[in-house]
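Below is the file model-v6.pdb, which contains PDB, C-alpha atoms (C1' of nucleotides).
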```
ATOM      1  CA  MET O   1      63.200 108.513  89.497
ATOM      2  CA  PRO O   2      60.228 107.498  90.388
ATOM      3  CA  GLU O   3      58.139 105.545  87.997
ATOM      4  CA  LEU O   4      54.371 105.737  88.393
ATOM      5  CA  PRO O   5      54.180 103.831  91.718
ATOM      6  CA  GLU O   6      56.746 106.113  93.325
ATOM      7  CA  VAL O   7      54.960 109.225  92.071
ATOM      8  CA  GLU O   8      51.650 107.868  93.373
ATOM      9  CA  THR O   9      53.267 107.044  96.720
ATOM     10  CA  THR O  10      54.591 110.593  96.890
ATOM     11  CA  ARG O  11      51.152 111.959  96.042
ATOM     12  CA  ARG O  12      49.501 109.952  98.807
ATOM     13  CA  GLY O  13      52.188 111.018 101.233
ATOM     14  CA  ILE O  14      52.004 114.752 100.640
ATOM     15  CA  ALA O  15      48.293 115.180  99.853
ATOM     16  CA  PRO O  16      47.078 115.178 103.477
ATOM     17  CA  LEU O  17      49.932 117.506 104.428
ATOM     18  CA  VAL O  18      49.431 120.158 101.732
ATOM     19  CA  GLU O  19      45.764 120.081 100.742
ATOM     20  CA  GLY O  20      44.027 123.147 102.119
ATOM     21  CA  LYS O  21      47.312 124.920 102.822
ATOM     22  CA  THR O  22      47.912 128.490 101.695
ATOM     23  CA  ILE O  23      51.249 129.404 100.124
ATOM     24  CA  VAL O  24      52.803 132.532 101.628
ATOM     25  CA  SER O  25      56.160 132.520  99.860
ATOM     26  CA  VAL O  26      58.452 130.527  97.615
ATOM     27  CA  VAL O  27      62.179 129.998  98.096
ATOM     28  CA  THR O  28      64.191 128.969  95.042
ATOM     29  CA  ARG O  29      67.891 128.159  95.376
ATOM     30  CA  VAL O  30      68.593 127.505  91.699
ATOM     31  CA  VAL O  31      67.222 129.272  88.622
ATOM     32  CA  GLY O  32      65.449 126.176  87.388
ATOM     33  CA  LEU O  33      65.531 122.432  87.029
ATOM     34  CA  ARG O  34      65.024 120.993  83.572
ATOM     35  CA  TRP O  35      63.589 124.336  82.544
ATOM     36  CA  PRO O  36      63.914 127.740  84.194
ATOM     37  CA  PHE O  37      61.265 128.330  86.829
ATOM     38  CA  PRO O  38      58.384 130.569  85.756
ATOM     39  CA  PRO O  39      59.409 134.198  86.246
ATOM     40  CA  HIS O  40      57.953 135.848  89.350
ATOM     41  CA  LEU O  41      57.037 132.455  90.782
ATOM     42  CA  GLY O  42      56.721 133.838  94.302
ATOM     43  CA  ALA O  43      54.369 136.570  93.132
ATOM     44  CA  ILE O  44      52.304 134.066  91.167
ATOM     45  CA  LEU O  45      51.877 131.644  94.055
ATOM     46  CA  ALA O  46      51.714 133.848  97.135
ATOM     47  CA  GLY O  47      48.257 133.798  98.659
ATOM     48  CA  ARG O  48      47.040 130.809  96.681
ATOM     49  CA  THR O  49      45.530 127.776  98.363
ATOM     50  CA  ILE O  50      46.283 124.219  97.244
ATOM     51  CA  TYR O  51      42.984 122.392  96.897
ATOM     52  CA  THR O  52      44.045 118.946  95.756
ATOM     53  CA  VAL O  53      47.123 116.953  94.803
ATOM     54  CA  GLU O  54      46.452 114.814  91.756
ATOM     55  CA  ARG O  55      48.599 112.685  89.489
ATOM     56  CA  ARG O  56      48.573 112.414  85.715
ATOM     57  CA  ALA O  57      51.141 109.985  84.344
ATOM     58  CA  LYS O  58      54.322 110.797  86.283
ATOM     59  CA  TYR O  59      53.300 114.420  86.825
ATOM     60  CA  LEU O  60      51.947 115.731  90.112
ATOM     61  CA  LEU O  61      49.266 118.406  89.776
ATOM     62  CA  LEU O  62      48.812 120.770  92.706
ATOM     63  CA  ARG O  63      45.487 122.375  91.918
ATOM     64  CA  CYS O  64      45.227 125.865  93.344
ATOM     65  CA  ASP O  65      42.691 128.616  93.085
ATOM     66  CA  GLY O  66      43.337 130.158  89.662
ATOM     67  CA  GLY O  67      45.770 127.609  88.311
ATOM     68  CA  THR O  68      47.796 124.448  88.727
ATOM     69  CA  LEU O  69      51.382 123.819  89.726
ATOM     70  CA  ILE O  70      52.757 120.981  87.609
ATOM     71  CA  LEU O  71      55.661 119.008  89.110
ATOM     72  CA  HIS O  72      57.742 116.232  87.602
ATOM     73  CA  LEU O  73      60.297 114.381  89.710
ATOM     74  CA  GLY O  74      62.602 113.483  86.829
ATOM     75  CA  MET O  75      65.018 110.703  87.767
ATOM     76  CA  THR O  76      65.940 111.741  91.290
ATOM     77  CA  GLY O  77      63.278 114.119  92.597
ATOM     78  CA  HIS O  78      61.834 113.887  96.112
ATOM     79  CA  LEU O  79      59.208 115.905  97.922
ATOM     80  CA  ARG O  80      59.060 116.263 101.685
ATOM     81  CA  VAL O  81      56.981 118.351 104.003
ATOM     82  CA  VAL O  82      59.163 119.921 106.688
ATOM     83  CA  SER O  83      59.482 123.027 108.787
ATOM     84  CA  PRO O  84      61.147 125.798 106.748
ATOM     85  CA  ARG O  85      63.505 126.183 109.710
ATOM     86  CA  VAL O  86      65.025 122.788 108.930
ATOM     87  CA  PRO O  87      68.247 123.814 107.158
ATOM     88  CA  PRO O  88      68.064 122.998 103.463
ATOM     89  CA  GLY O  89      70.430 120.269 102.371
ATOM     90  CA  CYS O  90      72.299 119.742  99.164
ATOM     91  CA  HIS O  91      69.917 119.814  96.167
ATOM     92  CA  ASP O  92      66.969 121.152  98.161
ATOM     93  CA  HIS O  93      66.080 123.492  95.318
ATOM     94  CA  VAL O  94      62.599 124.822  96.084
ATOM     95  CA  ASP O  95      60.444 125.427  99.166
ATOM     96  CA  LEU O  96      56.764 126.295  99.009
ATOM     97  CA  VAL O  97      56.250 127.928 102.393
ATOM     98  CA  PHE O  98      52.769 127.629 103.889
ATOM     99  CA  ALA O  99      50.860 129.905 106.228
ATOM    100  CA  ASP O 100      50.789 127.257 108.975
ATOM    101  CA  GLY O 101      54.587 127.171 109.260
ATOM    102  CA  SER O 102      55.295 124.066 107.219
ATOM    103  CA  CYS O 103      56.782 123.854 103.733
ATOM    104  CA  LEU O 104      56.903 121.535 100.757
ATOM    105  CA  ARG O 105      60.559 121.009  99.853
ATOM    106  CA  PHE O 106      61.638 119.774  96.390
ATOM    107  CA  ASN O 107      65.009 117.993  96.285
ATOM    108  CA  ASP O 108      66.424 116.806  92.951
ATOM    109  CA  SER O 109      70.127 116.044  92.597
ATOM    110  CA  ARG O 110      70.161 115.559  88.845
ATOM    111  CA  ARG O 111      67.751 118.390  88.132
ATOM    112  CA  PHE O 112      65.808 116.498  85.486
ATOM    113  CA  GLY O 113      62.640 117.426  87.325
ATOM    114  CA  ALA O 114      60.267 120.224  86.451
ATOM    115  CA  LEU O 115      58.123 122.840  88.116
ATOM    116  CA  LEU O 116      55.646 124.646  85.887
ATOM    117  CA  TRP O 117      52.611 126.828  86.384
ATOM    118  CA  THR O 118      49.514 126.949  84.249
ATOM    119  CA  SER O 119      46.389 129.006  84.752
ATOM    120  CA  ASP O 120      44.683 126.863  82.128
ATOM    121  CA  ASP O 121      43.423 123.274  82.258
ATOM    122  CA  PRO O 122      46.626 121.279  82.898
ATOM    123  CA  ALA O 123      45.385 118.494  80.621
ATOM    124  CA  LEU O 124      45.809 120.962  77.747
ATOM    125  CA  HIS O 125      49.390 121.829  78.669
ATOM    126  CA  PRO O 126      51.760 120.868  75.831
ATOM    127  CA  LEU O 127      53.624 118.414  78.083
ATOM    128  CA  LEU O 128      50.428 116.609  79.078
ATOM    129  CA  ALA O 129      48.210 116.938  76.028
ATOM    130  CA  GLY O 130      49.696 114.009  74.110
ATOM    131  CA  LEU O 131      49.863 111.512  76.958
ATOM    132  CA  GLY O 132      48.252 108.113  76.561
ATOM    133  CA  PRO O 133      45.773 106.568  78.990
ATOM    134  CA  GLU O 134      46.548 105.678  82.591
ATOM    135  CA  PRO O 135      47.390 101.982  82.997
ATOM    136  CA  PHE O 136      44.283 101.335  85.116
ATOM    137  CA  ASP O 137      41.970 103.253  82.810
ATOM    138  CA  GLU O 138      39.715 101.092  80.680
ATOM    139  CA  ALA O 139      40.974 103.006  77.624
ATOM    140  CA  MET O 140      44.230 101.121  78.158
ATOM    141  CA  SER O 141      43.760  97.588  76.955
ATOM    142  CA  GLY O 142      45.383  94.746  75.074
ATOM    143  CA  GLU O 143      43.339  95.878  72.078
ATOM    144  CA  ARG O 144      44.849  99.364  72.261
ATOM    145  CA  LEU O 145      48.414  98.065  72.534
ATOM    146  CA  TYR O 146      47.769  95.714  69.633
ATOM    147  CA  ARG O 147      46.109  98.296  67.398
ATOM    148  CA  LEU O 148      48.713 101.038  67.878
ATOM    149  CA  SER O 149      51.596  98.624  67.387
ATOM    150  CA  ARG O 150      50.631  97.374  63.925
ATOM    151  CA  GLY O 151      53.468  97.961  61.514
ATOM    152  CA  ARG O 152      55.847  99.208  64.161
ATOM    153  CA  LYS O 153      59.336  97.834  64.017
ATOM    154  CA  ASN O 154      60.832  99.112  67.215
ATOM    155  CA  ALA O 155      61.159  96.764  70.162
ATOM    156  CA  VAL O 156      58.157  96.133  72.380
ATOM    157  CA  LYS O 157      59.990  97.351  75.477
ATOM    158  CA  PRO O 158      60.569 100.926  74.282
ATOM    159  CA  TYR O 159      57.077 100.754  72.759
ATOM    160  CA  ILE O 160      55.393 100.263  76.149
ATOM    161  CA  MET O 161      57.650 102.941  77.663
ATOM    162  CA  ASP O 162      56.354 105.473  75.090
ATOM    163  CA  GLN O 163      54.089 107.715  77.179
ATOM    164  CA  ARG O 164      51.887 108.394  74.126
ATOM    165  CA  ILE O 165      50.902 104.717  74.052
ATOM    166  CA  LEU O 166      50.226 104.406  77.773
ATOM    167  CA  VAL O 167      51.683 106.286  80.713
ATOM    168  CA  GLY O 168      53.505 105.204  83.815
ATOM    169  CA  VAL O 169      55.705 102.339  82.627
ATOM    170  CA  GLY O 170      59.371 103.185  83.179
ATOM    171  CA  ASN O 171      62.532 101.190  82.738
ATOM    172  CA  ILE O 172      62.185  98.921  85.777
ATOM    173  CA  TYR O 173      58.552  97.945  85.377
ATOM    174  CA  ALA O 174      58.892  97.503  81.617
ATOM    175  CA  SER O 175      61.388  94.675  82.160
ATOM    176  CA  GLU O 176      59.299  93.250  85.007
ATOM    177  CA  ALA O 177      56.023  93.275  83.083
ATOM    178  CA  LEU O 178      57.549  91.719  79.950
ATOM    179  CA  PHE O 179      59.072  88.937  82.047
ATOM    180  CA  ARG O 180      55.738  88.204  83.700
ATOM    181  CA  ALA O 181      54.029  88.168  80.306
ATOM    182  CA  GLY O 182      56.719  85.927  78.747
ATOM    183  CA  ILE O 183      57.494  88.402  75.955
ATOM    184  CA  ASP O 184      61.019  89.014  74.618
ATOM    185  CA  PRO O 185      61.700  92.720  75.182
ATOM    186  CA  ALA O 186      63.551  92.948  71.847
ATOM    187  CA  ARG O 187      60.668  91.561  69.792
ATOM    188  CA  ALA O 188      59.259  94.107  67.339
ATOM    189  CA  ALA O 189      56.125  95.675  68.790
ATOM    190  CA  GLY O 190      54.300  94.978  65.533
ATOM    191  CA  ARG O 191      55.008  91.268  65.855
ATOM    192  CA  VAL O 192      53.297  90.730  69.192
ATOM    193  CA  GLY O 193      49.783  89.347  68.889
ATOM    194  CA  LEU O 194      46.544  90.410  70.544
ATOM    195  CA  VAL O 195      46.481  87.580  73.064
ATOM    196  CA  ARG O 196      49.966  88.448  74.241
ATOM    197  CA  TYR O 197      49.140  92.145  74.444
ATOM    198  CA  ARG O 198      46.182  91.245  76.664
ATOM    199  CA  ARG O 199      48.516  89.262  78.878
ATOM    200  CA  LEU O 200      51.002  92.146  78.892
ATOM    201  CA  THR O 201      48.283  94.596  79.910
ATOM    202  CA  ALA O 202      47.425  92.382  82.874
ATOM    203  CA  ALA O 203      51.113  92.050  83.777
ATOM    204  CA  ILE O 204      51.661  95.822  83.675
ATOM    205  CA  ARG O 205      48.690  96.318  85.991
ATOM    206  CA  GLU O 206      49.813  93.587  88.373
ATOM    207  CA  VAL O 207      53.326  94.938  88.659
ATOM    208  CA  LEU O 208      52.276  98.557  89.115
ATOM    209  CA  ASP O 209      49.515  97.621  91.526
ATOM    210  CA  ALA O 210      51.864  95.535  93.680
ATOM    211  CA  ALA O 211      54.417  98.347  93.718
ATOM    212  CA  ILE O 212      51.823 100.959  94.708
ATOM    213  CA  ALA O 213      50.454  98.685  97.424
ATOM    214  CA  ALA O 214      53.995  98.281  98.758
ATOM    215  CA  GLY O 215      54.525 102.032  98.800
ATOM    216  CA  GLY O 216      56.802 102.288  95.787
ATOM    217  CA  THR O 217      59.547  99.853  94.872
ATOM    218  CA  THR O 218      62.451 100.697  94.316
ATOM    219  CA  ILE O 219      66.139 100.400  94.372
ATOM    220  CA  ARG O 220      68.744 102.857  95.374
ATOM    221  CA  ASP O 221      67.636 106.296  96.463
ATOM    222  CA  PHE O 222      63.877 106.483  96.391
ATOM    223  CA  SER O 223      62.182 107.431  99.623
ATOM    224  CA  ASP O 224      58.633 108.451 100.365
ATOM    225  CA  SER O 225      57.458 111.844 101.540
ATOM    226  CA  GLU O 226      58.469 111.086 105.115
ATOM    227  CA  GLY O 227      61.919 109.955 104.071
ATOM    228  CA  ARG O 228      61.256 106.239 104.471
ATOM    229  CA  PRO O 229      63.065 104.225 101.862
ATOM    230  CA  GLY O 230      61.068 101.900  99.640
ATOM    231  CA  TYR O 231      63.928  99.442  99.294
ATOM    232  CA  PHE O 232      62.972  95.819  98.740
ATOM    233  CA  ALA O 233      59.336  96.696  99.129
ATOM    234  CA  ILE O 234      58.561  94.472  96.189
ATOM    235  CA  GLN O 235      60.516  91.617  94.751
ATOM    236  CA  LEU O 236      61.982  92.485  91.378
ATOM    237  CA  GLN O 237      62.137  89.308  89.315
ATOM    238  CA  VAL O 238      64.552  90.384  86.577
ATOM    239  CA  TYR O 239      65.571  94.033  86.914
ATOM    240  CA  GLY O 240      69.149  94.307  88.162
ATOM    241  CA  ARG O 241      69.521  90.517  88.415
ATOM    242  CA  THR O 242      72.068  89.944  85.624
ATOM    243  CA  GLY O 243      73.636  86.500  85.977
ATOM    244  CA  GLU O 244      71.302  85.464  88.781
ATOM    245  CA  PRO O 245      68.935  82.532  88.244
ATOM    246  CA  CYS O 246      65.570  83.046  86.593
ATOM    247  CA  LEU O 247      62.900  82.429  89.202
ATOM    248  CA  HIS O 248      61.025  80.200  86.741
ATOM    249  CA  CYS O 249      63.686  78.129  84.970
ATOM    250  CA  GLY O 250      66.936  78.812  86.804
ATOM    251  CA  GLU O 251      68.823  80.054  83.738
ATOM    252  CA  ALA O 252      70.978  83.155  84.163
ATOM    253  CA  ILE O 253      69.143  86.436  83.673
ATOM    254  CA  ARG O 254      70.602  88.365  80.766
ATOM    255  CA  GLN O 255      71.116  92.058  80.266
ATOM    256  CA  ARG O 256      71.186  94.035  77.046
ATOM    257  CA  ARG O 257      70.586  97.580  75.882
ATOM    258  CA  LEU O 258      67.431  98.528  74.045
ATOM    259  CA  GLY O 259      66.779 102.117  73.139
ATOM    260  CA  GLN O 260      69.783 103.123  75.260
ATOM    261  CA  ARG O 261      68.269 101.592  78.388
ATOM    262  CA  SER O 262      69.377  98.512  80.288
ATOM    263  CA  THR O 263      66.973  95.664  79.798
ATOM    264  CA  TYR O 264      66.783  92.435  81.809
ATOM    265  CA  PHE O 265      65.193  89.213  80.632
ATOM    266  CA  CYS O 266      65.289  85.425  80.598
ATOM    267  CA  ARG O 267      66.006  84.143  77.123
ATOM    268  CA  PHE O 268      64.248  80.846  77.781
ATOM    269  CA  CYS O 269      61.080  82.164  79.384
ATOM    270  CA  GLN O 270      60.548  85.123  77.050
ATOM    271  CA  HIS O 271      59.848  84.901  73.302
TER
ATOM    272  C1'  DC C   1      55.034 109.619  60.829
ATOM    273  C1'  DA C   2      58.439 106.397  63.233
ATOM    274  C1'  DA C   3      62.892 105.590  65.055
ATOM    275  C1'  DC C   4      67.174 106.857  66.863
ATOM    276  C1'  DG C   5      70.888 109.424  69.208
ATOM    277  C1'  DG C   6      72.097 113.249  71.915
ATOM    278  C1'  DA C   7      71.250 116.281  75.505
ATOM    279  C1'  DC C   8      70.239 117.734  80.125
ATOM    280  C1'  DC C   9      72.754 116.879  85.393
ATOM    281  C1'  DT C  10      74.994 114.771  89.637
ATOM    282  C1'  DG C  11      76.566 110.815  92.196
ATOM    283  C1'  DC C  12      78.265 106.415  92.718
ATOM    284  C1'  DC C  13      80.732 102.384  91.471
ATOM    285  C1'  DT C  14      84.335  99.887  88.960
ATOM    286  C1'  DG C  15      88.748  99.142  87.252
ATOM    287  C1'  DC C  16      93.277 100.675  85.986
TER
ATOM    288  C1'  DT P   1      94.780 107.113  96.509
ATOM    289  C1'  DG P   2      93.330 109.231  92.189
ATOM    290  C1'  DC P   3      91.061 109.473  88.143
ATOM    291  C1'  DA P   4      88.594 108.119  83.834
ATOM    292  C1'  DG P   5      84.720 105.835  82.312
ATOM    293  C1'  DG P   6      80.309 103.956  82.610
ATOM    294  C1'  DC P   7      75.931 103.747  84.505
ATOM    295  C1'  DA P   8      71.464 105.357  86.949
ATOM    296  C1'  DG P   9      64.149 105.233  87.988
ATOM    297  C1'  DG P  10      62.919 110.389  82.404
ATOM    298  C1'  DT P  11      61.788 112.608  78.373
ATOM    299  C1'  DC P  12      62.415 116.470  75.162
ATOM    300  C1'  DC P  13      64.389 117.706  70.838
ATOM    301  C1'  DG P  14      66.650 117.498  66.455
ATOM    302  C1'  DT P  15      67.926 114.573  62.715
ATOM    303  C1'  DT P  16      67.341 110.780  59.622
TER
END
```
Turn the structure described in the file into structure tokens.
Amino acid sequence: MPELPEVETTRRGIAPLVEGKTIVSVVTRVVGLRWPFPPHLGAILAGRTIYTVERRAKYLLLRCDGGTLILHLGMTGHLRVVSPRVPPGCHDHVDLVFADGSCLRFNDSRRFGALLWTSDDPALHPLLAGLGPEPFDEAMSGERLYRLSRGRKNAVKPYIMDQRILVGVGNIYASEALFRAGIDPARAAGRVGLVRYRRLTAAIREVLDAAIAAGGTTIRDFSDSEGRPGYFAIQLQVYGRTGEPCLHCGEAIRQRRLGQRSTYFCRFCQH
DNA sequence: CAACGGACCTGCCTGC
DNA sequence: TGCAGGCAGGTCCGTT
């Protein structure tokens, strides 16, 4: 999936194409993704207008009259706006069909994505209620990372990927930010000092900001809402570069597993 | 609580 | 060529 920059790129891509549109019907081709779709989804959504497309963490919020559609792209989700007459391809699981003859099509091969409906404030939804601050929010700071990490023994990399601490940092950008901040990803979160957490905060922002500006990184199969791939849009300095030279010192980039996720680092530049 | 492993899925790549 | 095994951008849930 999409980490935060890819979700934000998707949001910017679809917002002008779906805001103000009225849903006339919903086509589902599977019973659900990560969870079953809400029962009577078509009846719930028909006639509603999408006012805005917002993002909270890696969730997209399609705010409608009377409620909000909550989408998560999981690992492999894509959204595109097409004509409903375009034949659906493999893993095109859901179409929201609009009154003007276009539709928002949700493709997700691994089906780790989600589509939920709430008539309440989405911020209060159980999946969103416990999320930490956005990386660019002033509530996210080196002080926060330092304070919440005291006494914690798990590695700093899974710590910054914990969406309760801050949102938006996934597996790629965690390795990238820790490299830029010079912090060993395996170091216990509770043994990283305030100065280094300030540096890490800046590195997280730099990496995410560069990726958003480039229209989403990434590798492999990410594409934006018009199907344009984001490949090589930004230069990854460590992720996926096992055995290749560190861009700072030339030593071979190493790979290890932390919290069941591949982690890339330079053992000379990171401590 | 915090931390960890398993689970959910499909596709792609590697190596035998 | 075929097949088993491992790995992939996420995150919830149950168990220690």
When distances are computed from all atoms listed in the file, which of O:Ser262, O:Ala188, O:Arg29, O:Leu115 shows the smallest separation from DG9 of chain P? O:Ser262
Evaluate the PyMOL selection byres ((chain P) within 9 of (chain O)) here and jot the selected residues down as a ChimeraX atom specification. /P:8-11
Show me, as a VMD selection string, every residue of chain C with an atom at most 10 Å from chain O, counting all atoms listed in the file. chain C and resid 2 to 5 8 to 11
Answer key for the PyMOL selection byres ((chain C and resi 16) around 12), residues as a ChimeraX atom specification: /C:14-15 /P:2-5
Would you be able to write out as a ChimeraX atom specification which residues have an atom within 12 Å of (59.4, 93.6, 68.3) in the file's coordinates, counting all atoms listed in the file? /O:146,149-160,178,183-193,258,271
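Here the PyMOL selection byres ((chain P and resi 14) around 10) catches exactly these residues: DG5 and DG6 of chain C; DC12, DC13, DT15 and DT16 of chain P.
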I need the residues from that last selection saved to file as a compact mmCIF listing (two decimals), in the frame of the given file (with C-alpha atoms (C1' of nucleotides)), if you can.
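Output (result_18.txt):
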```
# COMPACT_ATOMS: atom_id res chain seq x y z
C1' DG C 5 70.89 109.42 69.21
C1' DG C 6 72.10 113.25 71.92
C1' DC P 12 62.42 116.47 75.16
C1' DC P 13 64.39 117.71 70.84
C1' DT P 15 67.93 114.57 62.72
C1' DT P 16 67.34 110.78 59.62
```
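The coordinates place atom CA of His78 of chain O at 26.3 Å from atom CA of Tyr264 of chain O.
You will find atom CA of Ala57 of chain O at 18.6 Å from atom CA of Glu176 of chain O.
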Neighbour list for Gly132 of chain O as a ChimeraX atom specification, cut-off 6 Å, all atoms listed in the file, skip fewer than 6 positions in-chain: /O:163-167
With C-alpha atoms retained, export the selected residues as a PDB file, in the coordinates of the input.
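The new file part.pdb reads:
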```pdb
ATOM      1  CA  GLN O 163      54.089 107.715  77.179  1.00  0.00           C
ATOM      2  CA  ARG O 164      51.887 108.394  74.126  1.00  0.00           C
ATOM      3  CA  ILE O 165      50.902 104.717  74.052  1.00  0.00           C
ATOM      4  CA  LEU O 166      50.226 104.406  77.773  1.00  0.00           C
ATOM      5  CA  VAL O 167      51.683 106.286  80.713  1.00  0.00           C
TER       6      VAL O 167
END
```
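The interatomic distance for the pair atom CA of Val30 of chain O and atom CA of Asp92 of chain O works out to 9.2 Å.
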